[in-house]
file data10.txt (compact mmCIF, C-alpha atoms)
# COMPACT_ATOMS: atom_id res chain seq x y z
CA MET A 274 -20.24 35.31 30.25
CA VAL A 275 -23.10 33.97 28.16
CA PHE A 276 -24.37 36.15 25.32
CA ILE A 277 -26.73 36.04 22.35
CA SER A 278 -24.48 35.24 19.40
CA GLU A 279 -26.89 35.05 16.46
CA TRP A 280 -30.48 34.23 15.56
CA VAL A 281 -32.51 33.60 12.42
CA PRO A 282 -35.97 35.23 12.46
CA ASN A 283 -36.76 34.74 8.74
CA PRO A 284 -35.21 31.52 7.41
CA GLU A 285 -35.60 30.33 3.85
CA GLY A 286 -38.70 28.14 3.65
CA LYS A 287 -41.04 27.66 6.60
CA ASP A 288 -40.22 29.70 9.69
CA ALA A 289 -41.25 26.80 11.94
CA ASP A 290 -38.58 24.59 10.35
CA GLY A 291 -35.68 27.02 10.30
CA GLU A 292 -35.78 29.56 13.13
CA TRP A 293 -33.10 29.26 15.82
CA VAL A 294 -31.21 31.17 18.48
CA GLU A 295 -27.52 30.69 19.29
CA LEU A 296 -25.91 31.53 22.62
CA VAL A 297 -22.16 31.58 23.28
CA ASN A 298 -20.20 31.21 26.51
CA GLU A 299 -17.14 33.50 26.44
CA GLY A 300 -16.25 32.70 30.03
CA GLY A 301 -13.56 30.38 31.30
CA SER A 302 -15.90 27.88 32.98
CA ALA A 303 -19.08 26.01 32.16
CA VAL A 304 -22.41 27.68 32.93
CA VAL A 305 -25.49 25.74 34.05
CA LEU A 306 -28.44 27.58 32.53
CA ASP A 307 -31.03 26.79 35.22
CA GLY A 308 -32.88 30.06 35.91
CA TRP A 309 -32.02 31.46 32.46
CA GLU A 310 -34.65 32.35 29.82
CA ILE A 311 -34.80 33.56 26.25
CA ARG A 312 -37.70 35.93 25.61
CA THR A 313 -39.12 37.39 22.42
CA SER A 314 -41.68 40.15 22.12
CA GLY A 315 -44.41 37.80 23.30
CA GLU A 316 -42.98 34.46 24.45
CA LYS A 317 -40.31 32.92 26.65
CA PHE A 318 -38.29 29.71 26.80
CA SER A 319 -36.62 28.32 29.92
CA LEU A 320 -33.10 26.99 29.47
CA ARG A 321 -33.47 24.76 32.55
CA GLY A 322 -31.40 21.61 32.30
CA LYS A 323 -29.02 23.03 29.72
CA ARG A 324 -25.31 23.64 30.21
CA ILE A 325 -22.84 25.53 28.04
CA ALA A 326 -19.09 24.86 28.21
CA PRO A 327 -16.43 27.57 27.82
CA GLU A 328 -16.21 28.90 24.23
CA GLU A 329 -19.14 26.64 23.29
CA ARG A 330 -22.15 27.65 21.22
CA LEU A 331 -25.63 26.41 22.10
CA VAL A 332 -28.15 26.41 19.25
CA VAL A 333 -31.81 26.30 20.31
CA ASN A 334 -34.17 25.44 17.45
CA ARG A 335 -37.77 26.62 17.28
CA SER A 336 -38.91 22.98 17.32
CA GLU A 337 -37.48 22.77 20.86
CA SER A 338 -38.17 26.26 22.21
CA LYS A 339 -41.52 26.95 20.51
CA LEU A 340 -40.37 30.59 20.29
CA VAL A 341 -41.84 32.38 17.28
CA LEU A 342 -39.42 35.02 16.01
CA ARG A 343 -41.17 37.83 14.19
CA ASN A 344 -39.83 38.73 10.76
CA ARG A 345 -40.35 42.42 11.46
CA ASP A 346 -39.40 44.62 14.45
CA GLU A 347 -38.32 41.88 16.86
CA THR A 348 -36.43 41.89 20.15
CA LEU A 349 -34.68 38.90 21.69
CA THR A 350 -33.66 39.11 25.36
CA LEU A 351 -31.57 36.75 27.49
CA TYR A 352 -32.43 36.72 31.20
CA GLN A 353 -30.70 35.16 34.20
CA GLY A 354 -32.84 35.02 37.34
CA GLY A 355 -35.13 37.76 36.02
CA ARG A 356 -32.21 40.10 35.21
CA ILE A 357 -31.43 41.10 31.61
CA VAL A 358 -28.04 39.70 30.59
CA ASP A 359 -28.11 40.51 26.87
CA GLN A 360 -30.49 41.87 24.26
CA SER A 361 -30.67 42.08 20.48
CA SER A 362 -33.29 43.79 18.32
CA PHE A 363 -33.85 45.01 14.79
CA ALA A 364 -36.33 47.42 13.23
CA GLY A 365 -37.89 46.82 9.86
CA SER A 366 -37.93 43.50 7.99
CA ALA A 367 -35.44 40.68 8.44
CA PRO A 368 -33.97 39.53 5.12
CA GLU A 369 -34.87 35.96 4.25
CA GLY A 370 -32.21 33.38 5.06
CA LYS A 371 -29.94 35.72 7.04
CA ALA A 372 -28.85 35.53 10.67
CA PHE A 373 -28.85 38.57 12.93
CA ALA A 374 -25.35 38.11 14.35
CA ARG A 375 -23.14 39.84 16.87
CA SER A 376 -20.21 41.73 15.41
CA GLY A 377 -18.26 43.44 18.17
CA ASP A 378 -20.79 45.37 20.24
CA SER A 379 -23.51 45.45 17.60
CA PHE A 380 -25.54 43.09 15.43
CA ARG A 381 -25.96 42.85 11.66
CA PHE A 382 -27.58 40.52 9.15
CA VAL A 383 -25.10 38.01 7.70
CA GLU A 384 -24.90 34.42 6.47
CA PRO A 385 -25.93 32.01 9.27
CA THR A 386 -23.23 29.98 11.02
CA PRO A 387 -25.06 27.79 13.56
CA GLY A 388 -22.64 26.26 16.06
CA LYS A 389 -19.64 28.12 14.58
CA LYS A 390 -17.98 31.52 14.94
CA ASN A 391 -20.08 34.26 13.35
CA SER A 392 -19.30 35.22 9.77
CA ALA A 393 -19.83 38.93 10.46
CA PRO A 394 -16.77 41.06 9.77
CA GLU A 395 -14.88 41.76 12.99
CA ALA A 396 -17.07 39.19 14.79
CA SER A 397 -15.80 38.71 18.30
CA ILE A 398 -18.03 35.80 19.20

call {"tool": "encode", "arguments": {"input": "data10.txt", "output": "structure tokens"}}
result
Amino acid sequence: MVFISEWVPNPEGKDADGEWVELVNEGGSAVVLDGWEIRTSGEKFSLRGKRIAPEERLVVNRSESKLVLRNRDETLTLYQGGRIVDQSSFAGSAPEGKAFARSGDSFRFVEPTPGKKNSAPEASI
């Protein structure tokens, strides 16, 4: 199963240089991401041509995706073939330099860990 692991909507410095989204594959086999998309409140990015191995993390930088993550009241959705697979959203303002990371069944703002296990207490992915 592929999930949203963490994302940084309000990095330190310029947003264009530091925003990213991380996906994780918790399944036992590789997943080809053709037909998968990441969508924000107003944009989408196709993951066509990407593959994620078991237990691997895939970090997609804004420079590649062109996704603009809002610093306030944002929703990030992962789709497979038009079907919602996972979703993460926050209300209010994102603290500068923090990642919105999965911790169990919920998300919280923590120190970013791109490409590594989340630093959130009780993080399962």

call {"tool": "atom_distance", "arguments": {"input": "data10.txt", "atom1": "CA of Leu340 in chain A", "atom2": "CA of Gly301 in chain A"}}
result
29.0 Å

call {"tool": "closest_atom_pairs", "arguments": {"input": "data10.txt", "of": "range 299-390 of chain A", "to": "range 280-288 of chain A", "cutoff": "10 Å", "atoms": "all atoms listed in the file", "output": "tab-separated table"}}
result
residue	atom	partner	partner_atom	distance
A:Val332	CA	A:Trp280	CA	9.0
A:Val333	CA	A:Trp280	CA	9.3
A:Asn334	CA	A:Trp280	CA	9.7
A:Arg335	CA	A:Asp288	CA	8.5
A:Val341	CA	A:Pro282	CA	8.1
A:Leu342	CA	A:Pro282	CA	5.0
A:Arg343	CA	A:Pro282	CA	6.1
A:Asn344	CA	A:Asn283	CA	5.4
A:Arg345	CA	A:Pro282	CA	8.5
A:Glu347	CA	A:Pro282	CA	8.3
A:Leu349	CA	A:Trp280	CA	8.8
A:Ser361	CA	A:Trp280	CA	9.3
A:Ser366	CA	A:Asn283	CA	8.9
A:Ala367	CA	A:Asn283	CA	6.1
A:Pro368	CA	A:Asn283	CA	6.6
A:Glu369	CA	A:Asn283	CA	5.0
A:Gly370	CA	A:Pro284	CA	4.2
A:Lys371	CA	A:Val281	CA	6.3
A:Ala372	CA	A:Val281	CA	4.5
A:Phe373	CA	A:Trp280	CA	5.3
A:Ala374	CA	A:Trp280	CA	6.5
A:Arg375	CA	A:Trp280	CA	9.3
A:Phe382	CA	A:Val281	CA	9.1
A:Val383	CA	A:Val281	CA	9.8
A:Glu384	CA	A:Val281	CA	9.7
A:Pro385	CA	A:Val281	CA	7.5
A:Thr386	CA	A:Trp280	CA	9.6
A:Pro387	CA	A:Trp280	CA	8.7

call {"tool": "atom_distance", "arguments": {"input": "data10.txt", "atom1": "CA of Thr313 in chain A", "atom2": "CA of Leu351 in chain A"}}
result
9.1 Å

call {"tool": "closest_residue", "arguments": {"input": "data10.txt", "among": "A:Asp307, A:Glu299, A:Glu316, A:Asp346", "to": "Glu328 in chain A", "atoms": "all atoms listed in the file"}}
result
A:Glu299

call {"tool": "atom_distance", "arguments": {"input": "data10.txt", "atom1": "CA of Val304 in chain A", "atom2": "CA of Thr350 in chain A"}}
result
17.7 Å

call {"tool": "closest_residue", "arguments": {"input": "data10.txt", "among": "A:Ser278, A:Asn391, A:Ser379, A:Ser338", "to": "Ile311 in chain A", "atoms": "only C-alpha atoms"}}
result
A:Ser338

call {"tool": "closest_residue", "arguments": {"input": "data10.txt", "among": "A:Leu296, A:Val358, A:Ile277, A:Leu306", "to": "Leu331 in chain A", "atoms": "all atoms listed in the file"}}
result
A:Leu296

call {"tool": "residues_around", "arguments": {"input": "data10.txt", "residues": "Tyr352 in chain A", "least_positions_apart": "2", "cutoff": "6 Å", "atoms": "all atoms listed in the file", "output": "tab-separated table (two decimals) with C-alpha atoms, in the frame of the given file"}}
result
chain	number	residue	atom	x	y	z
A	309	TRP	CA	-32.02	31.46	32.46
A	310	GLU	CA	-34.65	32.35	29.82
A	355	GLY	CA	-35.13	37.76	36.02
A	356	ARG	CA	-32.21	40.10	35.21
A	357	ILE	CA	-31.43	41.10	31.61
A	358	VAL	CA	-28.04	39.70	30.59

call {"tool": "residues_around", "arguments": {"input": "data10.txt", "residues": "Glu329 in chain A", "least_positions_apart": "6", "cutoff": "10 Å", "atoms": "only C-alpha atoms", "output": "ChimeraX atom specification"}}
result
/A:275,296-300,303,388-390

call {"tool": "closest_residue", "arguments": {"input": "data10.txt", "among": "A:Phe276, A:Ser392, A:Ser376, A:Phe363", "to": "Ser314 in chain A", "atoms": "all atoms listed in the file"}}
result
A:Phe363

call {"tool": "closest_residue", "arguments": {"input": "data10.txt", "among": "A:Ala289, A:Ala364, A:Val294, A:Met274", "to": "Ala326 in chain A", "atoms": "all atoms listed in the file"}}
result
A:Met274

call {"tool": "closest_residue", "arguments": {"input": "data10.txt", "among": "A:Gln353, A:Ser362, A:Ser319, A:Ile325", "to": "Glu295 in chain A", "atoms": "all atoms listed in the file"}}
result
A:Ile325

call {"tool": "decode", "arguments": {"input": "data10.txt", "residues": "range 301-316 of chain A", "atoms": "all heavy atoms", "output": "PDB file, in the first residue's frame"}}
result
ATOM      1  N   GLY A 301       4.449  -5.339   0.259  1.00  0.00           N
ATOM      2  CA  GLY A 301       5.531  -6.290   0.109  1.00  0.00           C
ATOM      3  C   GLY A 301       6.098  -6.385  -1.295  1.00  0.00           C
ATOM      4  O   GLY A 301       7.020  -7.153  -1.536  1.00  0.00           O
ATOM      5  N   SER A 302       5.553  -5.596  -2.239  1.00  0.00           N
ATOM      6  CA  SER A 302       6.076  -5.620  -3.604  1.00  0.00           C
ATOM      7  C   SER A 302       6.127  -4.201  -4.159  1.00  0.00           C
ATOM      8  O   SER A 302       5.461  -3.292  -3.659  1.00  0.00           O
ATOM      9  CB  SER A 302       5.216  -6.512  -4.502  1.00  0.00           C
ATOM     10  OG  SER A 302       3.885  -6.048  -4.524  1.00  0.00           O
ATOM     11  N   ALA A 303       6.919  -4.041  -5.201  1.00  0.00           N
ATOM     12  CA  ALA A 303       7.072  -2.728  -5.837  1.00  0.00           C
ATOM     13  C   ALA A 303       5.752  -2.303  -6.469  1.00  0.00           C
ATOM     14  O   ALA A 303       4.953  -3.141  -6.893  1.00  0.00           O
ATOM     15  CB  ALA A 303       8.171  -2.789  -6.889  1.00  0.00           C
ATOM     16  N   VAL A 304       5.538  -0.985  -6.535  1.00  0.00           N
ATOM     17  CA  VAL A 304       4.336  -0.432  -7.146  1.00  0.00           C
ATOM     18  C   VAL A 304       4.762   0.521  -8.251  1.00  0.00           C
ATOM     19  O   VAL A 304       5.532   1.447  -8.013  1.00  0.00           O
ATOM     20  CB  VAL A 304       3.461   0.315  -6.119  1.00  0.00           C
ATOM     21  CG1 VAL A 304       2.258   0.959  -6.785  1.00  0.00           C
ATOM     22  CG2 VAL A 304       3.022  -0.620  -5.003  1.00  0.00           C
ATOM     23  N   VAL A 305       4.277   0.273  -9.464  1.00  0.00           N
ATOM     24  CA  VAL A 305       4.480   1.197 -10.582  1.00  0.00           C
ATOM     25  C   VAL A 305       3.385   2.246 -10.463  1.00  0.00           C
ATOM     26  O   VAL A 305       2.198   1.919 -10.367  1.00  0.00           O
ATOM     27  CB  VAL A 305       4.411   0.452 -11.935  1.00  0.00           C
ATOM     28  CG1 VAL A 305       4.508   1.436 -13.083  1.00  0.00           C
ATOM     29  CG2 VAL A 305       5.515  -0.590 -12.017  1.00  0.00           C
ATOM     30  N   LEU A 306       3.762   3.516 -10.454  1.00  0.00           N
ATOM     31  CA  LEU A 306       2.829   4.591 -10.146  1.00  0.00           C
ATOM     32  C   LEU A 306       2.170   5.216 -11.377  1.00  0.00           C
ATOM     33  O   LEU A 306       1.637   6.323 -11.291  1.00  0.00           O
ATOM     34  CB  LEU A 306       3.532   5.656  -9.298  1.00  0.00           C
ATOM     35  CG  LEU A 306       4.026   5.146  -7.941  1.00  0.00           C
ATOM     36  CD1 LEU A 306       4.847   6.204  -7.230  1.00  0.00           C
ATOM     37  CD2 LEU A 306       2.875   4.677  -7.073  1.00  0.00           C
ATOM     38  N   ASP A 307       2.164   4.497 -12.497  1.00  0.00           N
ATOM     39  CA  ASP A 307       1.410   4.967 -13.667  1.00  0.00           C
ATOM     40  C   ASP A 307      -0.069   5.003 -13.279  1.00  0.00           C
ATOM     41  O   ASP A 307      -0.583   4.068 -12.672  1.00  0.00           O
ATOM     42  CB  ASP A 307       1.614   4.041 -14.866  1.00  0.00           C
ATOM     43  CG  ASP A 307       3.023   4.116 -15.423  1.00  0.00           C
ATOM     44  OD1 ASP A 307       3.787   5.020 -15.026  1.00  0.00           O
ATOM     45  OD2 ASP A 307       3.364   3.264 -16.252  1.00  0.00           O
ATOM     46  N   GLY A 308      -0.754   6.098 -13.601  1.00  0.00           N
ATOM     47  CA  GLY A 308      -2.160   6.251 -13.243  1.00  0.00           C
ATOM     48  C   GLY A 308      -2.373   6.841 -11.858  1.00  0.00           C
ATOM     49  O   GLY A 308      -3.504   7.028 -11.433  1.00  0.00           O
ATOM     50  N   TRP A 309      -1.306   7.136 -11.139  1.00  0.00           N
ATOM     51  CA  TRP A 309      -1.390   7.751  -9.816  1.00  0.00           C
ATOM     52  C   TRP A 309      -1.158   9.259  -9.941  1.00  0.00           C
ATOM     53  O   TRP A 309      -0.398   9.709 -10.796  1.00  0.00           O
ATOM     54  CB  TRP A 309      -0.332   7.177  -8.881  1.00  0.00           C
ATOM     55  CG  TRP A 309      -0.523   5.742  -8.497  1.00  0.00           C
ATOM     56  CD1 TRP A 309      -0.460   4.654  -9.321  1.00  0.00           C
ATOM     57  CD2 TRP A 309      -0.787   5.239  -7.199  1.00  0.00           C
ATOM     58  NE1 TRP A 309      -0.670   3.502  -8.594  1.00  0.00           N
ATOM     59  CE2 TRP A 309      -0.863   3.837  -7.289  1.00  0.00           C
ATOM     60  CE3 TRP A 309      -0.946   5.838  -5.946  1.00  0.00           C
ATOM     61  CZ2 TRP A 309      -1.103   3.023  -6.185  1.00  0.00           C
ATOM     62  CZ3 TRP A 309      -1.177   5.029  -4.846  1.00  0.00           C
ATOM     63  CH2 TRP A 309      -1.259   3.646  -4.973  1.00  0.00           C
ATOM     64  N   GLU A 310      -1.793  10.034  -9.064  1.00  0.00           N
ATOM     65  CA  GLU A 310      -1.618  11.493  -9.038  1.00  0.00           C
ATOM     66  C   GLU A 310      -1.591  11.994  -7.608  1.00  0.00           C
ATOM     67  O   GLU A 310      -2.231  11.413  -6.725  1.00  0.00           O
ATOM     68  CB  GLU A 310      -2.791  12.209  -9.719  1.00  0.00           C
ATOM     69  CG  GLU A 310      -2.878  12.047 -11.195  1.00  0.00           C
ATOM     70  CD  GLU A 310      -4.061  12.816 -11.772  1.00  0.00           C
ATOM     71  OE1 GLU A 310      -5.038  13.107 -11.039  1.00  0.00           O
ATOM     72  OE2 GLU A 310      -4.001  13.113 -12.964  1.00  0.00           O
ATOM     73  N   ILE A 311      -0.860  13.081  -7.420  1.00  0.00           N
ATOM     74  CA  ILE A 311      -0.921  13.853  -6.180  1.00  0.00           C
ATOM     75  C   ILE A 311      -1.660  15.132  -6.539  1.00  0.00           C
ATOM     76  O   ILE A 311      -1.320  15.798  -7.517  1.00  0.00           O
ATOM     77  CB  ILE A 311       0.484  14.210  -5.658  1.00  0.00           C
ATOM     78  CG1 ILE A 311       1.301  12.957  -5.378  1.00  0.00           C
ATOM     79  CG2 ILE A 311       0.366  15.091  -4.409  1.00  0.00           C
ATOM     80  CD1 ILE A 311       2.771  13.244  -5.084  1.00  0.00           C
ATOM     81  N   ARG A 312      -2.669  15.480  -5.744  1.00  0.00           N
ATOM     82  CA  ARG A 312      -3.424  16.711  -5.979  1.00  0.00           C
ATOM     83  C   ARG A 312      -3.422  17.575  -4.727  1.00  0.00           C
ATOM     84  O   ARG A 312      -3.520  17.067  -3.617  1.00  0.00           O
ATOM     85  CB  ARG A 312      -4.868  16.398  -6.360  1.00  0.00           C
ATOM     86  CG  ARG A 312      -5.001  15.645  -7.657  1.00  0.00           C
ATOM     87  CD  ARG A 312      -6.451  15.446  -8.026  1.00  0.00           C
ATOM     88  NE  ARG A 312      -6.593  14.498  -9.125  1.00  0.00           N
ATOM     89  CZ  ARG A 312      -7.746  14.068  -9.573  1.00  0.00           C
ATOM     90  NH1 ARG A 312      -8.890  14.493  -9.040  1.00  0.00           N
ATOM     91  NH2 ARG A 312      -7.796  13.202 -10.585  1.00  0.00           N
ATOM     92  N   THR A 313      -3.339  18.883  -4.969  1.00  0.00           N
ATOM     93  CA  THR A 313      -3.495  19.863  -3.897  1.00  0.00           C
ATOM     94  C   THR A 313      -4.859  20.506  -4.090  1.00  0.00           C
ATOM     95  O   THR A 313      -5.653  20.036  -4.907  1.00  0.00           O
ATOM     96  CB  THR A 313      -2.404  20.941  -3.961  1.00  0.00           C
ATOM     97  OG1 THR A 313      -2.535  21.664  -5.185  1.00  0.00           O
ATOM     98  CG2 THR A 313      -1.013  20.331  -3.859  1.00  0.00           C
ATOM     99  N   SER A 314      -5.103  21.585  -3.379  1.00  0.00           N
ATOM    100  CA  SER A 314      -6.383  22.279  -3.507  1.00  0.00           C
ATOM    101  C   SER A 314      -6.650  22.765  -4.926  1.00  0.00           C
ATOM    102  O   SER A 314      -7.792  22.877  -5.335  1.00  0.00           O
ATOM    103  CB  SER A 314      -6.435  23.461  -2.545  1.00  0.00           C
ATOM    104  OG  SER A 314      -6.323  23.004  -1.226  1.00  0.00           O
ATOM    105  N   GLY A 315      -5.591  23.031  -5.690  1.00  0.00           N
ATOM    106  CA  GLY A 315      -5.828  23.563  -7.026  1.00  0.00           C
ATOM    107  C   GLY A 315      -4.997  22.973  -8.147  1.00  0.00           C
ATOM    108  O   GLY A 315      -5.137  23.384  -9.294  1.00  0.00           O
ATOM    109  N   GLU A 316      -4.112  22.024  -7.847  1.00  0.00           N
ATOM    110  CA  GLU A 316      -3.215  21.506  -8.876  1.00  0.00           C
ATOM    111  C   GLU A 316      -3.075  19.989  -8.755  1.00  0.00           C
ATOM    112  O   GLU A 316      -3.465  19.408  -7.745  1.00  0.00           O
ATOM    113  CB  GLU A 316      -1.833  22.145  -8.715  1.00  0.00           C
ATOM    114  CG  GLU A 316      -1.871  23.660  -8.826  1.00  0.00           C
ATOM    115  CD  GLU A 316      -0.541  24.285  -8.476  1.00  0.00           C
ATOM    116  OE1 GLU A 316       0.072  23.884  -7.473  1.00  0.00           O
ATOM    117  OE2 GLU A 316      -0.127  25.178  -9.219  1.00  0.00           O
TER     118      GLU A 316
END
